[in-house]
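Q: Take this structure first; my questions come after.
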Amino acid sequence: MRYIDCFNHFFPKGIWDKMLSTPGAVADIGARMRGIPAIYDLDRRKEVVDMFRNKHNYSQVISLGMPPLEALGEPAAVEEFAKLGNDGMAELCAKMPDYFCGCLASLPMNSPNAAKEFERVIKNGANGLQLHTNINGKPLDEEEFRPIFEVAEKYNKPVFLHPSRTASMPDYPGEKKSKYEIWWTFGWPYETSTAMARLVFGGVMDAYPNLKVLAHHLGAMVPYFEGRVGPGWDQLGNRTTDEDYKSLLKSMKKRPLDYFKDFYADSAVFGSKAATECGLSFYGADRVLFASDCPFDPEKGPGYIRDTIAILESLEMSQADREKINYKNAQLLLGVK
């Protein structure tokens, strides 16, 4: 059985060194990143992949880790970061395809040249795009980001949503920050779900009907809240008096739930069998891709890979569905060979 790990993170040497040498950027990388060698040390990353490469025919589709590039500075500086990251990942995939079978581009989303960079890296072999759920606080359905989705649809490249939320976003209006890392544990699934909703109700999914979007961490909150997303949003506008949401609902081409069913999702749920079963029940085998979120497990590399494989192997499903989830969906969606 082959396993294509479609959502995990690595910093090629060029961009990692540049980030460390740029004033201000090193603080944004955070102690968590610097404390995980497998996210920037190629030899250590290859050791992690080798733990699974022979037994499971395992390889990775890589993308950059946090923070979002647009948070690192002015457009010109971010353009340089993006080029270093994208070219570095393309080089790794070309030189070591048995380890890195594909990559997701990252863009200078605060630059007017973001769509141009997207087209450049597609021609250079990028398999898709990693896009954060907000752009320096702006929602993805803003008009200025439409060119990115236009390029994605034009070249049939999927957009992978990665949550972006920090402790600076408080959980209560009377506080200045989020405490106890709630911003991550509960905030990231909320952030991803909110971005999905903005793409749906903001008209992006209608404007680009062939756009393919994958929501990290098995669709975040959506599968568990199917009743709210379904019958709940069928009543859009009944709870609101200062916006005409009822007219919006009537103008939409599909039922809200059906839009959310059109997203893809990945299996990176930190070793939770219950979450895996819930997500698979909602999306079905045709829209779930194997992913581990390597190397952010407590072991700093192999833990979530091993746990996610074990969970998928423990579930009862047909061989055809198992192959779709583990590698065939990634081949179709990302064009991985």
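Ligands are numbered from 1 in the order shown, chains are lettered A, B, ... in the order of the structure tokens, and residues start at 1 in each chain.
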Quick one: residues within 6 Å of region 88-99 of chain A, only C-alpha atoms, excluding same-chain residues fewer than 3 positions away - as a VMD selection string?
A: chain A and resid 12 59 84 to 85 102
Q: Out of region 147-326 of chain A, which residues get helix (DSSP H, G or I) from DSSP, as a PyMOL selection string?
A: chain A and resi 147-154+182-185+187-201+204-207+216-219+226-235+245-251+256-261+273-283+285-287+303-314+319-326
Q: Enumerate, as a ChimeraX atom specification, the complete set of residues in region 107-275 of chain A that a backbone-based DSSP assignment places in strand (DSSP E).
A: /A:128-132,134-135,138-139,159-162,213-215,264-266
